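**Q** I am attaching a structure below and will ask some questions about it afterwards.
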Amino acid sequence: MPEQIIHTHELPNGLTVVIEPMSDVQSAAFCFLIPGGSAFDPANHGGTAAVLTDWITRGAGDLDSRELSNALDNLGVQRNESTGLNHLAFTAATLGANVPAALLLYADIIRRPQLPDEEFEGAIAGIEQSLRAIEDEPQRKLMIELRRRCYDAPWGLPTEGTLEEIARITAKSVRAHYDRCLRPNGAILGIAGCVEIQEMLALVSEAFGDWATKPDSAMVTGPRGERVGHIDHDSTQTHIGIAYDAIEYAHPDYYKAWAAVGILSGGMSARLFTEVRERRGLCYSVSASLNSLKHEGRVLCYAGTTVERAQETFDVTLHELQRLGDGIESHELERCKARAKSSLIMQQESTTSRATSIARDWHFLKRVQTLDDIRRDIDELTVPGVLDYVHQHPARDFTVLTIGPNALKVP
Amino acid sequence: MKFHQTKLANGLAVIAELNPAVHSVALGFFVRTGSRDETAAVSGVSHFLEHMVFKGSEKYSADDVNRIFDEVGAKYNAATAEEGTLFYGAVLPEYLPQAFELFANILRPALRQEDFDMEKNVILEEIGMYDDQPSFTAYENLMQTHFAGHPLGQSVLGTKESITALTCEQMRGYHRDRYLAGNVTLAVAGNTDWAQILALAEQHCANWPVGTCGRATHEAKPPGGLKVITRPKSQQEHIMQMTPAPSAQNRLRFAAEILSVIVGDHSGSRLFWELVDPGLAEAADLDFNEYDGSGSYMTYLSSEPEAIADNLARIQAIFAEVNQHGIREDELEQAKNKVASRVVLRSERPTGRLSSLGGNWIYREEYRSVDDDLAELRGITSRDVRELLDIYPLGATTTVAVGPMESLA
């Protein structure tokens, strides 16, 4: 693996820049995480941050919505804006030579958005359309509703809110969210690819150095939904969601938790795929993944299957989750390690995935793991270590949600 | 980057674009067979066979296949479409020999009866899964309606009935007829060397049966039509439309590609500003699909049912405007900048290069480097787009609707 250089710099106002120059690529990408995600939505106004994420790009600095979009397109910027629980996330990738100009446009978007009245309805309508579309796609709806039931509010709440909540949101309340939450302290900018460290640092200082800090924003907490539930839906398949407790990203046992889920669902030789799909032909899609937040985590499982096979699919899946503590074969762990090693190296071929990874690491860990660090942690995993984790965090107290024509028997 | 090509004695085409600067290597077996090559009696067999390949060969069991791919840390998958079945994977260079041997071996699958019976359930579940995705239902029905009477109208997944009726013996026959060396292209992209590829191909593919397969590639003459699939409890209406466009062999395909970006890219396009930006629609975009001998523009609209009539009228107005007046120079320049950046970013991963490498070869037996693609892009003029629109105007020959509406009238 080529030697990685990762440079980290914190501006006096608390914005952290993490830069990873990469050789042999022409592109560069950046990932901007700005405090003010959906966890800070006002009570009963879920979707406020999501509306802001859309509205904020509709004109900034001296450019109106269309001029701004054209300017980014002309720089070849492939962009994505999304609403996270903690942050608004802006990712952009283009040729390295165009990154300085693109970053300056993002400085306008983040610090000098116009938030014009005439664009507000369009932003709201876009979220409403998206929420209605989710109602027609049971698999997507399932995972959103499962989170609501396995995490306390605000961590389990849907980032886009609900149709009822969206109807309450006003331009004034979204502007208030911008003023209250978006700030440099706690903001993270990850940059990776064909860039010069000193040039980037100078540019970021110039564009963001005089951004004033703000106090921490309040968060409205609340209970989670019912642990076991069913939503009637006129669908062909029954969609099954199962969740149970795991650990946060910064936990010292994180890689053990990752390996435990990898043994269940990491590749096509993993247990869920083998037992549920390959041996029994019960479904096309079955998976489990580790969902780690800053302070807690869950394993989230999904299976979709026709009505007649739904109960058996559920029973077999649950049994596989529960029996992990009975034993793990060393070759199962070795395959997880091999897949991880390969993924780590291939990450070096994507400036977008590196920019996203280094920004995310800083958020969760306040440091950036090099690929060598991660490889060392992976190499150190042992079967007894992973089993020990599974015994300490067994699959039990399941949150279960189904969507489909019939409810299932849940023990 | 350096390009190599050869053909084995049995007719297997081998092509490679080597790049020592990347960390991995991607390989793909492009089999020129898909739903358009099926008879009605075996509808869905290409896709089902793609699944069965991973159930192993005489040498490897299904468990072996899954296990070995994971042991070498391969990122791999397969895909079946109307015109091709692709088996592909990316690995670190040191694992290329193992991954290659495994792929080559399972492409002569055992097709065991008990595996066939079990996997049939999975295919039926896959059909059920897509049934719960309205945009997929719309696409499936659009292809059948638009290309009615032409092989491109044949379903990739097949139906519950055709899959249930399919026998293992029929699948063995289909494999015997279609998986011939001359009907497969092996493409490799990334960090390895040509001598190794040649040696692996000779060692593991030289015994594949000789032969090629024909395919009728006459241009489709879509009859046009409207199909409304009513799902009373759905929230959103999903509309898909198609109209003829240049084929994969037509030089106007480059102009069609850039036109689809200008008119219907997911952001910054004419459809975006007219429909998505103001929140009139959840999605409104235009794609260009190229096939062997035929092509299509495909429009997708998703919005509240109440707004559908107005939204469709807006789309038709944009199409009429473009058909009559063409595109502006500033739009063309902007679309070129967008596409150039996409081409470069995609090319930085071997898997990104693989699809372009294989696609160019199976449709046109040509190699195009990233620089060739960029030069071609830079060379497109508004006159090319005008010529395209004169022959293949934007429109809505065929329409399919999925959602609560009972009619579009």
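Residue numbering restarts at 1 for every chain of the structure tokens, chains are lettered A, B, ... in their displayed order, and ligands are numbered from 1 as they appear.
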Mind the document's chain letters and residue numbers, and return as a count of residues only the residues of region 35-249 of chain B that DSSP labels strand (DSSP E or B).
**A** 34
**Q** Hey, which bits of chain B sit within 8 Å of chain A, and for each residue what's the closest pair of atoms and how far apart in Å (one decimal), counting only C-alpha atoms, rows by chain and increasing number, as a Markdown table?
**A**
| residue | atom | partner | partner_atom | distance |
| --- | --- | --- | --- | --- |
| B:Ala21 | CA | A:Asp24 | CA | 6.0 |
| B:Val22 | CA | A:Glu349 | CA | 6.7 |
| B:His23 | CA | A:Met346 | CA | 6.5 |
| B:Ser24 | CA | A:Met346 | CA | 6.5 |
| B:Asp63 | CA | A:Ser269 | CA | 6.9 |
| B:Asn66 | CA | A:Ser269 | CA | 4.8 |
| B:Arg67 | CA | A:Ser269 | CA | 5.1 |
| B:Asp70 | CA | A:Arg335 | CA | 5.6 |
| B:Glu71 | CA | A:Arg335 | CA | 4.8 |
| B:Val72 | CA | A:Ala338 | CA | 6.3 |
| B:Gly73 | CA | A:Arg339 | CA | 3.9 |
| B:Ala74 | CA | A:Arg339 | CA | 7.0 |
| B:Val91 | CA | A:Ser342 | CA | 7.1 |
| B:Leu92 | CA | A:Ser342 | CA | 6.5 |
| B:Met118 | CA | A:Gly281 | CA | 5.5 |
| B:Glu119 | CA | A:Gly281 | CA | 6.1 |
| B:Lys120 | CA | A:Gly281 | CA | 7.8 |
| B:Asn121 | CA | A:Gly281 | CA | 5.3 |
| B:Val122 | CA | A:Tyr284 | CA | 5.2 |
| B:Ile123 | CA | A:Tyr284 | CA | 7.1 |
| B:Glu125 | CA | A:Cys283 | CA | 5.5 |
| B:Glu126 | CA | A:Tyr284 | CA | 5.4 |
| B:Gly128 | CA | A:Thr236 | CA | 5.8 |
| B:Met129 | CA | A:Gln237 | CA | 6.5 |
| B:Asp131 | CA | A:Thr236 | CA | 6.5 |
| B:Asp132 | CA | A:Ser235 | CA | 6.0 |
| B:Gln133 | CA | A:Glu137 | CA | 5.9 |
| B:Pro134 | CA | A:Asp136 | CA | 7.4 |
| B:Lys233 | CA | A:Asp234 | CA | 7.6 |
| B:Ser234 | CA | A:Asp136 | CA | 5.7 |
| B:Gln235 | CA | A:Arg132 | CA | 5.9 |
| B:Gln236 | CA | A:Ala133 | CA | 6.0 |
| B:Gly268 | CA | A:Ser69 | CA | 6.3 |
| B:Val276 | CA | A:Gly126 | CA | 7.2 |
| B:Asp277 | CA | A:Gly122 | CA | 6.1 |
| B:Pro278 | CA | A:Gly122 | CA | 4.2 |
| B:Gly279 | CA | A:Gly122 | CA | 4.5 |
| B:Leu280 | CA | A:Ala125 | CA | 7.2 |
| B:Ala281 | CA | A:Gln129 | CA | 6.9 |
| B:Glu282 | CA | A:Gln129 | CA | 5.1 |
| B:Ser303 | CA | A:Gln129 | CA | 6.7 |
| B:Glu304 | CA | A:Gln129 | CA | 7.3 |
| B:Glu333 | CA | A:Asn74 | CA | 7.9 |
| B:Gln334 | CA | A:Asn74 | CA | 5.1 |
| B:Ala335 | CA | A:Asp73 | CA | 7.6 |
| B:Asn337 | CA | A:Gly76 | CA | 5.2 |
| B:Lys338 | CA | A:Gly76 | CA | 4.4 |
| B:Val339 | CA | A:Gly76 | CA | 7.4 |
| B:Ala340 | CA | A:Gly76 | CA | 7.2 |
| B:Ser341 | CA | A:Gly76 | CA | 5.1 |
| B:Arg342 | CA | A:Gln78 | CA | 7.5 |
| B:Val344 | CA | A:Ser27 | CA | 7.4 |
| B:Leu345 | CA | A:Ser27 | CA | 6.3 |
| B:Glu348 | CA | A:Glu349 | CA | 6.2 |
| B:Arg349 | CA | A:Glu349 | CA | 5.6 |
**Q** Just checking: using only C-alpha atoms, which residue out of B:Ala181, B:Val25, B:Ser269, B:Val14 ends up closest to Ala199 (chain B)?
**A**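 Smallest distance to Ala199 (chain B) is found for B:Val14.
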**Q** Sorted by chain and rising residue number, which residues of region 241-260 of chain B lie within 9 Å of region 202-225 of chain B, and what are their closest atom pairs and distances in Å to one decimal, counting only C-alpha atoms, as CSV?
**A**
residue,atom,partner,partner_atom,distance
B:Met242,CA,B:Gly224,CA,8.7
B:Thr243,CA,B:Pro222,CA,8.0
B:Pro244,CA,B:Pro222,CA,7.7
B:Ser247,CA,B:Glu219,CA,8.1
**Q** Considering only helix (DSSP H, G or I) as DSSP defines it on the backbone, what residues of region 132-286 of chain B qualify? List them as a PyMOL selection string.
**A** chain B and resi 134-146+151-153+160-165+168-178+181-183+194-205+253-264+270-276
**Q** Generate the output file for the selected residues, C-alpha atoms, as a short mmCIF file (atom, residue, chain, number, x, y, z; two decimals), in the first residue's frame.
**A**
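Listing of out04.cif after writing:
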data_model
loop_
_atom_site.label_atom_id
_atom_site.label_comp_id
_atom_site.auth_asym_id
_atom_site.auth_seq_id
_atom_site.Cartn_x
_atom_site.Cartn_y
_atom_site.Cartn_z
CA PRO B 134 -43.35 0.88 -8.95
CA SER B 135 -40.64 2.39 -11.14
CA PHE B 136 -39.44 -1.11 -11.99
CA THR B 137 -42.96 -2.26 -12.81
CA ALA B 138 -43.27 0.75 -15.10
CA TYR B 139 -39.96 -0.02 -16.85
CA GLU B 140 -40.79 -3.69 -17.38
CA ASN B 141 -44.17 -2.85 -18.89
CA LEU B 142 -42.76 -0.02 -20.96
CA MET B 143 -40.20 -2.29 -22.63
CA GLN B 144 -42.88 -4.86 -23.41
CA THR B 145 -45.31 -2.29 -24.81
CA HIS B 146 -42.83 -0.12 -26.69
CA PRO B 151 -37.18 -9.13 -29.45
CA LEU B 152 -36.25 -6.16 -27.24
CA GLY B 153 -39.76 -6.37 -25.76
CA LYS B 160 -43.99 -16.21 -12.44
CA GLU B 161 -45.57 -18.59 -14.96
CA SER B 162 -42.61 -18.84 -17.37
CA ILE B 163 -40.12 -19.38 -14.53
CA THR B 164 -42.33 -21.97 -12.85
CA ALA B 165 -42.65 -23.88 -16.13
CA CYS B 168 -33.40 -27.63 -16.01
CA GLU B 169 -33.07 -29.45 -19.33
CA GLN B 170 -34.24 -26.35 -21.22
CA MET B 171 -31.64 -24.30 -19.38
CA ARG B 172 -28.89 -26.81 -20.23
CA GLY B 173 -29.88 -26.54 -23.89
CA TYR B 174 -29.82 -22.75 -23.77
CA HIS B 175 -26.38 -22.77 -22.15
CA ARG B 176 -25.08 -25.25 -24.74
CA ASP B 177 -26.32 -23.03 -27.59
CA ARG B 178 -25.36 -19.60 -26.24
CA ALA B 181 -16.43 -19.05 -27.08
CA GLY B 182 -17.23 -16.83 -30.05
CA ASN B 183 -20.17 -15.36 -28.17
CA TRP B 194 -0.86 -8.90 -20.74
CA ALA B 195 1.23 -12.06 -20.63
CA GLN B 196 -0.55 -13.18 -17.49
CA ILE B 197 -3.97 -12.53 -18.99
CA LEU B 198 -3.07 -14.49 -22.10
CA ALA B 199 -1.74 -17.38 -20.06
CA LEU B 200 -4.86 -17.47 -17.86
CA ALA B 201 -7.17 -17.29 -20.85
CA GLU B 202 -5.32 -20.09 -22.64
CA GLN B 203 -5.23 -22.24 -19.55
CA HIS B 204 -8.85 -21.85 -18.50
CA CYS B 205 -10.87 -20.88 -21.58
CA ARG B 253 -25.41 8.16 -30.31
CA PHE B 254 -22.89 10.67 -28.92
CA ALA B 255 -25.23 13.54 -29.74
CA ALA B 256 -28.12 11.58 -28.21
CA GLU B 257 -26.15 11.10 -25.00
CA ILE B 258 -25.37 14.79 -24.64
CA LEU B 259 -28.95 15.71 -25.57
CA SER B 260 -30.26 13.53 -22.75
CA VAL B 261 -27.99 15.40 -20.31
CA ILE B 262 -29.13 18.81 -21.55
CA VAL B 263 -32.82 17.94 -21.56
CA GLY B 264 -33.15 15.41 -18.79
CA ARG B 270 -34.47 21.57 -18.80
CA LEU B 271 -36.76 18.99 -17.20
CA PHE B 272 -35.15 19.62 -13.83
CA TRP B 273 -35.75 23.37 -13.91
CA GLU B 274 -39.27 23.04 -15.25
CA LEU B 275 -40.54 20.23 -13.01
CA VAL B 276 -38.24 19.12 -10.20
#
**Q** List every residue of region 71-119 of chain A that has an atom at most 9 Å from any atom of region 167-186 of chain A, and for each one report the closest atom pair and its distance in Å to one decimal, counting only C-alpha atoms, with rows sorted by chain and then by increasing residue number, as a tab-separated table.
**A**
residue	atom	partner	partner_atom	distance
A:His87	CA	A:Leu182	CA	8.7
A:Leu88	CA	A:Leu182	CA	8.7
A:Ile110	CA	A:Leu182	CA	8.1
A:Arg111	CA	A:Leu182	CA	8.7
A:Leu115	CA	A:Arg175	CA	7.6
A:Pro116	CA	A:Ala171	CA	8.9
A:Asp117	CA	A:Ala171	CA	7.1
**Q** Pull C-alpha atoms from the residues just selected and write them as a short mmCIF file (atom, residue, chain, number, x, y, z; two decimals), in the first residue's frame.
**A**
data_model
loop_
_atom_site.label_atom_id
_atom_site.label_comp_id
_atom_site.auth_asym_id
_atom_site.auth_seq_id
_atom_site.Cartn_x
_atom_site.Cartn_y
_atom_site.Cartn_z
CA HIS A 87 -24.74 17.46 10.11
CA LEU A 88 -25.78 18.72 6.76
CA ILE A 110 -22.78 27.49 3.55
CA ARG A 111 -22.10 31.03 4.77
CA LEU A 115 -32.72 31.46 1.22
CA PRO A 116 -35.07 33.40 -1.05
CA ASP A 117 -38.81 33.38 -0.31
#
